[in-house]
Each structure stands twice: as C-alpha cells, then as structure tokens.
Amino acid sequence: MTGTTVAQPAAPPAAGVRHPGALRAGRWLLDQSLNVFSGLVIVYLLAPIAVIIWFSFNDTHSRFNFVWQGFTLKHWKDPFGVPGLLDALKVSIEIAALSTVIATALGTMMALALVRYQFRARGATNFFIFLPLATPEIVLGASLLSLFLSLGVNTGFNTILIAHVMFNISFVVVTVRSRLIGFDRSLEEAAQDLGANSIQTFVRVTLPLIAPGVLAAALLAFALSIDDFVITNFNSGSTVTYPLFIWGAARVSIPPQVNIVATMMFVVTLIAAVLTVLQQLRAEKIASVRPEQEAV
Amino acid sequence: MERTLTASSDSRAAGGPLPSVRLVGVTKRFGDVVAVDHVSIDIARGEFFTLLGPSGCGKTTTLRLIAGFEEPTEGTILVDGVDMEGVPAFRRPPNTVFQSYALFPHLSVEENVAFGLRRKGVDKKEIARRVGEELELVGLAGERKRKPRQLSGGQQQRVALARALVNRPAVLLLDEPLGALDLKLRKNLQVELKRIQREVGITFVYVTHDQEEALTMSDRIAVMNRGVVEQCDTPEAVYDRPRTTFVAGFIGVSNLMPGVVVSANGGPARVRLDSGVEATAQADGLRSGERCWAVVRPEKLTLLSADEPAPPDRPSVRGLVESSLYLGTATQFVVRLPDGVTMTVLVPNVDEEARRRLPGAGDDVRLSWATQHMHVVREEGSRVGEGAATSGDGQRAQAPGDSAGPAEPALTEEGK
Ligand SMILES: Nc1ncnc2c1ncn2[C@@H]1O[C@H](COP(=O)(O)OP(=O)(O)OP(=O)(O)O)[C@@H](O)[C@H]1O
Ligand SMILES: [Mg+2]
C-alpha cells in the first residue's frame, strides 16, 4: 500500500507538475494508512482492558466470569463484596506506597551520587544497578526467598516490601539519572553564590528541576509494585496482595468484583499517566531556556 | 538604595588602603593543567578591574577561585582583608554574574532576583521594594512575572545582573557577561554597567576576551596568558606601554619591529632596529645588548613619501606599501620594511583632497614616529617570526583571539 504512494514522488518532476492531484492523493493515502495503522495498534492494546470493564457489568450466575449473561449494576453497588478482596487490595496499596517512597528517596540519592561524584564503587554500582532490571523475575524471587530462609527471616509483609524496594530502586535510579545527566550545574552554583547552603540549594533548585524525573520514577515504581506477582509470590508467606488474591481466587471462582477493582486501578493509572505527560511537557518547556536568543 | 550607597562609600573611606580583593601567589592546577599560575593582584574598593586574555587563559578559573567554587592549589585569597580559605561559596561576600546567566528556569524574573535576599532573611516588604527598584534599574519592570525562557538574550542578561546587584555585594564577579549579545546591545549594556558600577560603588571583577571592551570600561586591566598575569595596568598603560610581546599583540594591532638594545641606562634606551634604523625609545628594565621588540601603534605612525625627509627629531624607516584599505574613518596601510617585517599604519580620513594624495599599493614610503610613541619590550628568549608583525589589519584588531597568535611562539619557548 505504501509502496505505491512512495513511488509517486519519485516520478519525473514534470509528471508531478502535470498531475498535482495524483501526488496529493498519494499523500492522503499515506496519511490515512498511518491513521489506520495506529488505530489498529490502539485497539490491540485496549481490547483486553475493554473486556475487563465490560465484564464488570456481567450478570453472571456461574462461579466464573467468562460468558456474557446480561447487563447489571449490582456488582458495582457492592464492589468489595468478596471476602478477602478488600484486605488484599489494602496490603497491595500499602506495600506499593511504602516501597515507592523508600525506593524513590534512596534511588534519587543514588542517582545523584552516581552522576555527581567520583568514587571507587561508582563503576561497579553503575553496572550492578542494571542487574535487577535484566534478571528474570523468577530468578530474583527464588533467590530472595532462599536468602530470607537461610537468614531465618519469616516471609510476610516486610519481606515483600524489601523485595519491592529492591527492584524499584533500579528503575528509579535509571529514570532519575537520565534526567540528571543534562543538568546545568551552574544553576546550583548560582544558588550557592546567592547564599543558599547545600540543603537550600537542593530544595530550592535541584529538586524542583529534577522533579518531573522523580515523579515519573515514583509512578513507575508504584505501578510495578502494585502489579508484581512472581517475586511477591515467592516472598509473601501468609500475606496476600491483590495479584496473589486473584491468583488464588481464580482456582475456585472469579467474581466480577475483580473486574471492578481492575477497572478502578485502570482509571487511576490513566489519570496519573495524563498528569505525568502534562508535567513532562511543562518541564520540557522550562528546560528549553535559550540564552543565545537575541533581543527582539 | 540610597542608604546602601552612602554606607558603601563611608566604608570605602574608612577602609582606606585595604584592597577589596587580594590574590597572593594564587595557583590552581587541574591535574597537569596549570589554569592559574602564581597570580598576585590587589583590587581596590570600587575599582572596575578587568581580566583580559584569550580563551583558556584562566580567567573563569580565577573568578571561580574568588567566588569559592574552586579552592586554590597554592596561595591565598582575601576579600576585604578576610582570608577565604575554607569559606564555602554561600558564605563569601562576592556575587557572580555567570557567563551562561544561570537563571533559575522554574522561577519567575522576580523570584530569580529575590533569591539572594530571601536566603539572607530580609523581610518580605523590603524584598519586594528592592526587587522592584532593581528591575526598574535594568529596565525589566514589565517582565517581572515572566519565566526566563520567555525573555530575549539581552533581557536574560539583565535579569542575571539584577539578581546579583540587588544584594549590593561589596564585590561583583562578572564572567563575560555581554559575550552572547549583539554589538549594539553590548555597547548599550557596557554604558549601563559602567554607570551602575559608578553609582553603586561596587568593586567589579570583570572577565572578557574583548580588548576593546576592556579598554573602554576598565580602571585597570590584568592581561592574562596561560594562567599568568603578563601585565596589570591602566588601559592607557597597557595599550601604550605593553610590557611583553604578548600584551603588545593581544591589545590592539601588533606592530612589532625586532631590534637590539644599544645602550640603556634606566631611562630611555637607544635601540638599533633590524631594518637599520637607530632610535631612542621608552624601555623598562632592558639591558644593553639585549634583543628586543619595538612597538609603535598604527595610529602613531606617520606616512611620508619616500623622498620626503622626516623631521630631525623623529626616527623614520623606509618601506613598501603592500596594501591599502579604506575603513571609513581611516585608511589602513600595510607596509613592508627592508627586513621583511610588516607594519600597519592608520591614517585618519580628514578630507577628500588629502586622501587623494595618499600612496597606493607598490609605492615606496617612509614611516616616522615620535620617540615617546615607541615602546621597547624584551624578546622573551625567542625570535618571533614573520607572523609577528603581519597580523596587522583592522578586522583582526576586532578579534583578539586572532591577534593572540603572534606572541604564541615566544610563550611556547618561555614555557619550556
Ligand atoms: N574543572 C576543570 N578540570 C580540568 N581542567 C580545567 C577545569 N576548568 C578549567 N580547566 C582548564 O583550565 C584552563 C583555564 O580555563 P578557564 O575556564 O579558566 O579559561 P578562560 O580563560 O575562562 O577561557 P574562556 O575565555 O574560553 O572562557 C583551560 O585549559 C581549561 O581546560
Ligand atoms: Mg571562561
């Protein structure tokens, strides 16, 4: 399809001049094909989510929620009406929030250290920070479990938290570091020059400028944590997170409430994503200071 | 503002001869690179002091040492008589105007300017008043709510200036603050800066590589080369009595004639130029028999026709016109002397009639000058080749980076 449209401008220029209509038609086709293509990708990505939302309204009578049996709002009136679901969700949110805060704070400091300072362990740290990203989750989960067992630590809430902080730190460091690499150090010197000590400089200048990166890192960490199954499953002990709950429930029954909670999470994620994009756009604008620009 | 003005002039009177900034044998090494090499200067209160030199000569590093962003490898820095060793940048009195402006992109113009006062804990009303006044002074009162990215280069420049000036620092360090601006804006801001400096009575340590800017604005100039201060003097002295070939070459057009000192006894020396002419000249600390360079500025040379005798009290030398160039206010000639050295001569264009009588390319001419206009500098251990004297042309004079060329070989030798 694109082959023919691309061939069009390659024709001798005289032909192009004589048939501007053909050229325009070719361009129109190209535009349309791109639209259709991106449309298909979006459908592909969103179809499963649409099914989840759709089936949250299913008036199912079986234990499983796989066959459409009619529309109802009754499950939405009682979204947490399945024993254990709400508790599992609470645990998940708690762990996600805690691990996000801890990993973002530690990861941001690590990124600062890695970009700013020369120290002996720098090269090694720069390399090892990638390991949790590259290692298969199942390996990480299993090895963490054997570590906890050999140390005699009881698995549960705390071990899940430790595991989540561990893999989140890597993502935070990588995200924040990319933001710091282009950072203009003379801004911090300017702050010091104007009487700001190191803490004031960090709070007033450095942090606001890297905030979009830190925020993006935090959102990523939260999303990764709330959704993690494999590593959590190894280290959870008797604690049940939301993904673990669904996994357990799926063996017996899947109530539509699962779809409802999933829908809620999707909406929250969507809002967060839109906010992040807006924030990034704003930050890019701020970053594009052009001192070379001449007077009007 | 008035209050601070009187206060600072009072303290100037009371402070007496205590220098505002004093560098004693300051050296800064980065690994093998010696960025600043045993620099000792005293900068007086309220002085407009300029560091001038080619790219990489250590100007920025010197400022950063004073500001406290770097610690000297050797030597001492005193600000108002206080040793700055170990004092962090945020506790040092000088404020800096950065070469890149370094405006905080997330803060408005107003907040940028207020930053320093806020850190000092000045009360809100006072801050608002002083920020307003300062923005008025730099002509940006209308832009107070904008972000730096919404300003033009010249406006950003002025915000950077206001942000430093509003603190009324005893010392202001300025790193090529007008570097990024176009010629017209630069000229305007030069005048503006000079006025502010005089009115407020702040010590300016000003970095530039533009010799014209340095000459017009400064009370004193330190000409730097490879970390070394080659000469530290008033603009007139640096221009008329350069102490080294580097200074002669960097400031203005380098008209250098090689020669040898015939006799010297403290005052004026007798010099025999390689072109065969013997002349009396101003010379500092030269000994008989020493090789030297004689400097005469292009506008101090008079152009005569070859058969016209020079007045008896003025030395003269024959030459051949290589080129002439009409520059508007003056005509510039490049004249080759018998020993192969070329000299640049500027003849002001007074009237049409006189201009028609001027020689053209290929004509034999005679150059003459007054004894007091020739200044002799030491050769610095090497022969500066052909290139030394050929750099004379109007365009080059505008671009000091270029005219730095001639003295380079001399200094390479010195470095060994
Ligand atoms: N942080 C640093 N690490 C290593 N070398 C440095 C550092 N800062 C400066 N230098 C070196 O020191 C020398 C002087 O640099 P400096 O920035 O002071 O020059 P400058 O006179 O300001 O030049 P320009 O006119 O180009 O700004 C240069 O050779 C430079 O490469
Ligand atoms: Mg510099």
# chains A, B, ... in the order shown; residues from 1 in each chain; ligands from 1
>>> closest_atom_pairs(of="chain B", to="chain A", cutoff="7 Å", atoms="only C-alpha atoms", output="tab-separated table")
residue	atom	partner	partner_atom	distance
B:Ala89	CA	A:Asp193	CA	5.8
B:Phe90	CA	A:Gly195	CA	4.2
B:Arg91	CA	A:Gly195	CA	6.3
B:Asn95	CA	A:Asp193	CA	5.9
B:Thr96	CA	A:Asp193	CA	6.6
B:Ala102	CA	A:Leu187	CA	5.1
B:Leu103	CA	A:Leu187	CA	6.8
B:Phe104	CA	A:Leu187	CA	6.5
B:Pro105	CA	A:Ile286	CA	5.7
B:His106	CA	A:Ile286	CA	6.4
B:Phe115	CA	A:Leu194	CA	6.9
B:Gly116	CA	A:Leu194	CA	4.6
B:Arg119	CA	A:Gly195	CA	5.8
B:Pro148	CA	A:Val289	CA	7.0
B:Arg149	CA	A:Val289	CA	4.6
B:Ser152	CA	A:Ala295	CA	4.7
B:Gly153	CA	A:Glu294	CA	4.7
B:Gly154	CA	A:Ala295	CA	5.3
B:Ala180	CA	A:Glu292	CA	6.2
B:Leu181	CA	A:Glu294	CA	6.7
>>> residues_near_ligand(ligand="ligand 2", cutoff="8 Å", atoms="only C-alpha atoms and all ligand atoms", output="list of chain:residue names")
B:Ser55, B:Gly56, B:Gly58, B:Lys59, B:Thr60, B:Thr61, B:Gln99, B:Asp175, B:Glu176, B:Val207
>>> residues_near_ligand(ligand="ligand 1", cutoff="9 Å", atoms="only C-alpha atoms and all ligand atoms", output="JSON, numbers by chain")
{"B": [28, 29, 30, 31, 32, 33, 34, 35, 36, 51, 52, 53, 54, 55, 56, 57, 58, 59, 60, 61, 62, 63, 64, 70, 99, 175, 176, 207, 208, 209, 224, 225, 226, 227]}
>>> residues_around(residues="region 240-249 of chain A", least_positions_apart="2", cutoff="9 Å", atoms="only C-alpha atoms", output="list of chain:residue names")
A:Gly84, A:Leu85, A:Leu86, A:Asp87, A:Ala88, A:Leu89, A:Lys90, A:Val91, A:Ser92, A:Ile93, A:Ile95, A:Gly156, A:Phe157, A:Ile226, A:Asp227, A:Asp228, A:Phe229, A:Thr232, A:Asn233, A:Ser236, A:Gly237, A:Ser238, A:Arg251, A:Val252, A:Ser253, A:Ile254, A:Pro255, A:Val258
>>> atom_distance(atom1="CA of Glu133 (chain B)", atom2="CA of Asp80 (chain B)")
27.0 Å
>>> select_by_dssp(residues="region 81-277 of chain A", states="helix (DSSP H, G or I)", output="number ranges by chain")
A: 85-116, 122-128, 131-134, 137-151, 157-181, 185-193, 198-227, 230-235, 242-252, 256-277
>>> residues_around(residues="Gly70 (chain A)", least_positions_apart="6", cutoff="8 Å", atoms="only C-alpha atoms", output="PDB file with all heavy atoms, in the first residue's frame")
ATOM      1  N   PHE A  57     -19.760  -5.533  34.330  1.00  0.00           N
ATOM      2  CA  PHE A  57     -21.221  -5.331  34.337  1.00  0.00           C
ATOM      3  C   PHE A  57     -21.966  -6.629  34.022  1.00  0.00           C
ATOM      4  O   PHE A  57     -23.154  -6.611  33.786  1.00  0.00           O
ATOM      5  CB  PHE A  57     -21.598  -4.254  33.299  1.00  0.00           C
ATOM      6  CG  PHE A  57     -20.994  -2.909  33.582  1.00  0.00           C
ATOM      7  CD1 PHE A  57     -19.903  -2.458  32.859  1.00  0.00           C
ATOM      8  CD2 PHE A  57     -21.513  -2.098  34.595  1.00  0.00           C
ATOM      9  CE1 PHE A  57     -19.354  -1.223  33.122  1.00  0.00           C
ATOM     10  CE2 PHE A  57     -20.963  -0.863  34.858  1.00  0.00           C
ATOM     11  CZ  PHE A  57     -19.878  -0.425  34.134  1.00  0.00           C
ATOM     12  N   ASN A  58     -21.257  -7.743  33.987  1.00  0.00           N
ATOM     13  CA  ASN A  58     -21.870  -9.007  33.591  1.00  0.00           C
ATOM     14  C   ASN A  58     -22.742  -9.584  34.720  1.00  0.00           C
ATOM     15  O   ASN A  58     -22.317  -9.662  35.865  1.00  0.00           O
ATOM     16  CB  ASN A  58     -20.764 -10.003  33.221  1.00  0.00           C
ATOM     17  CG  ASN A  58     -21.329 -11.253  32.572  1.00  0.00           C
ATOM     18  OD1 ASN A  58     -22.523 -11.298  32.236  1.00  0.00           O
ATOM     19  ND2 ASN A  58     -20.480 -12.245  32.409  1.00  0.00           N
ATOM     20  N   ASP A  59     -23.938  -9.952  34.377  1.00  0.00           N
ATOM     21  CA  ASP A  59     -24.849 -10.535  35.360  1.00  0.00           C
ATOM     22  C   ASP A  59     -24.615 -12.044  35.418  1.00  0.00           C
ATOM     23  O   ASP A  59     -25.475 -12.846  35.062  1.00  0.00           O
ATOM     24  CB  ASP A  59     -26.299 -10.224  34.960  1.00  0.00           C
ATOM     25  CG  ASP A  59     -27.273 -10.575  36.071  1.00  0.00           C
ATOM     26  OD1 ASP A  59     -26.813 -10.895  37.195  1.00  0.00           O
ATOM     27  OD2 ASP A  59     -28.479 -10.529  35.809  1.00  0.00           O
ATOM     28  N   THR A  60     -23.417 -12.408  35.893  1.00  0.00           N
ATOM     29  CA  THR A  60     -23.022 -13.804  35.819  1.00  0.00           C
ATOM     30  C   THR A  60     -23.658 -14.627  36.931  1.00  0.00           C
ATOM     31  O   THR A  60     -23.893 -14.139  38.032  1.00  0.00           O
ATOM     32  CB  THR A  60     -21.489 -13.928  35.861  1.00  0.00           C
ATOM     33  OG1 THR A  60     -21.146 -15.311  35.793  1.00  0.00           O
ATOM     34  CG2 THR A  60     -20.911 -13.339  37.132  1.00  0.00           C
TER      35      THR A  60
END
>>> closest_residue(among="B:Asp363, B:Glu213, B:Asp42, B:Glu379", to="Ser20 (chain B)", atoms="only C-alpha atoms")
B:Asp42
>>> closest_residue(among="B:Ala269, B:Cys292, B:Val365, B:Leu183", to="Glu322 (chain B)", atoms="only C-alpha atoms")
B:Val365
>>> select_by_dssp(residues="region 305-382 of chain B", states="strand (DSSP E)", output="PyMOL selection string")
chain B and resi 305+316-326+330-336+342-348+364-368+375-378
>>> residues_around(residues="Phe167 (chain A)", least_positions_apart="2", cutoff="9 Å", atoms="only C-alpha atoms", output="number ranges by chain")
A: 103, 132-133, 162-165, 169-171, 221, 224-225
>>> write_last_selection(atoms="C-alpha atoms", output="PDB file, in the first residue's frame")
ATOM      1  CA  ALA A 103      12.802   3.411  46.599  1.00  0.00           C
ATOM      2  CA  PRO A 132      17.671  -6.388  38.794  1.00  0.00           C
ATOM      3  CA  LEU A 133      16.272  -4.977  35.544  1.00  0.00           C
ATOM      4  CA  ILE A 162      12.106  -5.380  50.959  1.00  0.00           C
ATOM      5  CA  ALA A 163      11.807  -7.221  47.648  1.00  0.00           C
ATOM      6  CA  HIS A 164       9.752  -4.432  46.055  1.00  0.00           C
ATOM      7  CA  VAL A 165      12.104  -1.698  47.266  1.00  0.00           C
ATOM      8  CA  ILE A 169      15.413   1.215  43.231  1.00  0.00           C
ATOM      9  CA  SER A 170      16.910   0.153  39.930  1.00  0.00           C
ATOM     10  CA  PHE A 171      14.072   1.692  37.950  1.00  0.00           C
ATOM     11  CA  ALA A 221       7.728   2.237  40.958  1.00  0.00           C
ATOM     12  CA  LEU A 224       5.491  -2.066  39.194  1.00  0.00           C
ATOM     13  CA  SER A 225       4.912  -2.773  42.865  1.00  0.00           C
TER      14      SER A 225
END
>>> residues_around(residues="Leu144 (chain A)", least_positions_apart="2", cutoff="9 Å", atoms="only C-alpha atoms", output="PyMOL selection string")
chain A and resi 139-142+146-149+159+163+231+234-235
>>> write_last_selection(atoms="N, CA and C atoms", output="PDB file, in the first residue's frame")
ATOM      1  N   VAL A 139      13.959 -15.743  38.862  1.00  0.00           N
ATOM      2  CA  VAL A 139      15.268 -15.980  39.481  1.00  0.00           C
ATOM      3  C   VAL A 139      15.424 -15.095  40.712  1.00  0.00           C
ATOM      4  N   LEU A 140      15.062 -13.822  40.535  1.00  0.00           N
ATOM      5  CA  LEU A 140      15.155 -12.883  41.660  1.00  0.00           C
ATOM      6  C   LEU A 140      14.305 -13.355  42.827  1.00  0.00           C
ATOM      7  N   GLY A 141      13.069 -13.734  42.519  1.00  0.00           N
ATOM      8  CA  GLY A 141      12.134 -14.152  43.552  1.00  0.00           C
ATOM      9  C   GLY A 141      12.648 -15.370  44.303  1.00  0.00           C
ATOM     10  N   ALA A 142      13.079 -16.351  43.538  1.00  0.00           N
ATOM     11  CA  ALA A 142      13.549 -17.592  44.158  1.00  0.00           C
ATOM     12  C   ALA A 142      14.796 -17.355  45.000  1.00  0.00           C
ATOM     13  N   SER A 146      15.388 -17.877  49.098  1.00  0.00           N
ATOM     14  CA  SER A 146      16.397 -18.713  49.757  1.00  0.00           C
ATOM     15  C   SER A 146      17.278 -17.869  50.669  1.00  0.00           C
ATOM     16  N   LEU A 147      17.492 -16.611  50.284  1.00  0.00           N
ATOM     17  CA  LEU A 147      18.252 -15.710  51.160  1.00  0.00           C
ATOM     18  C   LEU A 147      17.521 -15.509  52.479  1.00  0.00           C
ATOM     19  N   PHE A 148      16.220 -15.182  52.370  1.00  0.00           N
ATOM     20  CA  PHE A 148      15.439 -14.959  53.590  1.00  0.00           C
ATOM     21  C   PHE A 148      15.412 -16.212  54.461  1.00  0.00           C
ATOM     22  N   LEU A 149      15.228 -17.363  53.807  1.00  0.00           N
ATOM     23  CA  LEU A 149      15.154 -18.617  54.564  1.00  0.00           C
ATOM     24  C   LEU A 149      16.463 -18.904  55.278  1.00  0.00           C
ATOM     25  N   THR A 159       9.065  -8.817  54.102  1.00  0.00           N
ATOM     26  CA  THR A 159       9.916  -9.357  53.033  1.00  0.00           C
ATOM     27  C   THR A 159       9.397  -8.930  51.658  1.00  0.00           C
ATOM     28  N   ALA A 163      11.640  -6.790  49.034  1.00  0.00           N
ATOM     29  CA  ALA A 163      11.807  -7.221  47.648  1.00  0.00           C
ATOM     30  C   ALA A 163      11.380  -6.124  46.678  1.00  0.00           C
ATOM     31  N   ILE A 231       7.775 -12.243  42.048  1.00  0.00           N
ATOM     32  CA  ILE A 231       8.666 -12.065  43.198  1.00  0.00           C
ATOM     33  C   ILE A 231       7.866 -12.095  44.494  1.00  0.00           C
ATOM     34  N   PHE A 234       6.874 -15.559  45.804  1.00  0.00           N
ATOM     35  CA  PHE A 234       7.926 -16.305  46.494  1.00  0.00           C
ATOM     36  C   PHE A 234       8.090 -15.859  47.939  1.00  0.00           C
ATOM     37  N   ASN A 235       7.914 -14.562  48.175  1.00  0.00           N
ATOM     38  CA  ASN A 235       8.315 -13.993  49.462  1.00  0.00           C
ATOM     39  C   ASN A 235       7.159 -13.543  50.335  1.00  0.00           C
TER      40      ASN A 235
END
>>> residues_around(residues="Gly142 (chain B)", least_positions_apart="5", cutoff="12 Å", atoms="only C-alpha atoms", output="ChimeraX atom specification")
/B:109-110,132,135-137,151,155
>>> write_last_selection(atoms="all heavy atoms", output="PDB file, in the first residue's frame")
ATOM      1  N   VAL B 109      11.082  35.983  36.853  1.00  0.00           N
ATOM      2  CA  VAL B 109      12.110  37.021  36.892  1.00  0.00           C
ATOM      3  C   VAL B 109      12.235  37.583  38.300  1.00  0.00           C
ATOM      4  O   VAL B 109      13.316  37.671  38.882  1.00  0.00           O
ATOM      5  CB  VAL B 109      11.754  38.143  35.893  1.00  0.00           C
ATOM      6  CG1 VAL B 109      12.582  39.393  36.147  1.00  0.00           C
ATOM      7  CG2 VAL B 109      11.935  37.651  34.469  1.00  0.00           C
ATOM      8  N   GLU B 110      11.062  37.909  38.869  1.00  0.00           N
ATOM      9  CA  GLU B 110      11.002  38.487  40.199  1.00  0.00           C
ATOM     10  C   GLU B 110      11.609  37.544  41.251  1.00  0.00           C
ATOM     11  O   GLU B 110      12.423  37.940  42.079  1.00  0.00           O
ATOM     12  CB  GLU B 110       9.526  38.680  40.517  1.00  0.00           C
ATOM     13  CG  GLU B 110       9.191  39.702  41.503  1.00  0.00           C
ATOM     14  CD  GLU B 110       7.678  39.914  41.472  1.00  0.00           C
ATOM     15  OE1 GLU B 110       6.941  38.922  41.291  1.00  0.00           O
ATOM     16  OE2 GLU B 110       7.266  41.052  41.613  1.00  0.00           O
ATOM     17  N   GLY B 132      11.770  45.387  43.082  1.00  0.00           N
ATOM     18  CA  GLY B 132      11.111  46.324  42.178  1.00  0.00           C
ATOM     19  C   GLY B 132      12.074  47.387  41.680  1.00  0.00           C
ATOM     20  O   GLY B 132      12.174  47.654  40.483  1.00  0.00           O
ATOM     21  N   LEU B 135      14.670  45.911  39.248  1.00  0.00           N
ATOM     22  CA  LEU B 135      14.127  45.618  37.917  1.00  0.00           C
ATOM     23  C   LEU B 135      13.898  46.914  37.147  1.00  0.00           C
ATOM     24  O   LEU B 135      14.081  46.973  35.935  1.00  0.00           O
ATOM     25  CB  LEU B 135      12.837  44.800  38.030  1.00  0.00           C
ATOM     26  CG  LEU B 135      13.068  43.351  38.455  1.00  0.00           C
ATOM     27  CD1 LEU B 135      11.741  42.633  38.673  1.00  0.00           C
ATOM     28  CD2 LEU B 135      13.897  42.601  37.421  1.00  0.00           C
ATOM     29  N   GLU B 136      13.520  47.947  37.890  1.00  0.00           N
ATOM     30  CA  GLU B 136      13.372  49.273  37.289  1.00  0.00           C
ATOM     31  C   GLU B 136      14.714  49.709  36.691  1.00  0.00           C
ATOM     32  O   GLU B 136      14.798  50.144  35.549  1.00  0.00           O
ATOM     33  CB  GLU B 136      12.939  50.248  38.387  1.00  0.00           C
ATOM     34  CG  GLU B 136      12.183  51.463  37.903  1.00  0.00           C
ATOM     35  CD  GLU B 136      10.748  51.105  37.522  1.00  0.00           C
ATOM     36  OE1 GLU B 136      10.016  50.532  38.370  1.00  0.00           O
ATOM     37  OE2 GLU B 136      10.383  51.404  36.383  1.00  0.00           O
ATOM     38  N   LEU B 137      15.745  49.529  37.492  1.00  0.00           N
ATOM     39  CA  LEU B 137      17.094  49.959  37.106  1.00  0.00           C
ATOM     40  C   LEU B 137      17.559  49.292  35.816  1.00  0.00           C
ATOM     41  O   LEU B 137      18.187  49.919  34.970  1.00  0.00           O
ATOM     42  CB  LEU B 137      18.075  49.637  38.241  1.00  0.00           C
ATOM     43  CG  LEU B 137      19.509  50.125  38.075  1.00  0.00           C
ATOM     44  CD1 LEU B 137      19.585  51.622  38.327  1.00  0.00           C
ATOM     45  CD2 LEU B 137      20.442  49.395  39.033  1.00  0.00           C
ATOM     46  N   LEU B 151      12.164  35.322  27.863  1.00  0.00           N
ATOM     47  CA  LEU B 151      12.888  36.578  27.667  1.00  0.00           C
ATOM     48  C   LEU B 151      13.913  36.436  26.549  1.00  0.00           C
ATOM     49  O   LEU B 151      14.392  35.343  26.269  1.00  0.00           O
ATOM     50  CB  LEU B 151      13.618  36.961  28.958  1.00  0.00           C
ATOM     51  CG  LEU B 151      12.768  37.163  30.210  1.00  0.00           C
ATOM     52  CD1 LEU B 151      13.672  37.483  31.380  1.00  0.00           C
ATOM     53  CD2 LEU B 151      11.766  38.269  29.988  1.00  0.00           C
ATOM     54  N   GLN B 155      17.555  40.475  27.659  1.00  0.00           N
ATOM     55  CA  GLN B 155      16.749  40.604  28.879  1.00  0.00           C
ATOM     56  C   GLN B 155      17.223  39.625  29.948  1.00  0.00           C
ATOM     57  O   GLN B 155      17.329  39.971  31.113  1.00  0.00           O
ATOM     58  CB  GLN B 155      15.276  40.366  28.543  1.00  0.00           C
ATOM     59  CG  GLN B 155      14.681  41.489  27.717  1.00  0.00           C
ATOM     60  CD  GLN B 155      13.305  41.132  27.184  1.00  0.00           C
ATOM     61  OE1 GLN B 155      13.027  39.978  26.871  1.00  0.00           O
ATOM     62  NE2 GLN B 155      12.452  42.129  27.063  1.00  0.00           N
TER      63      GLN B 155
END
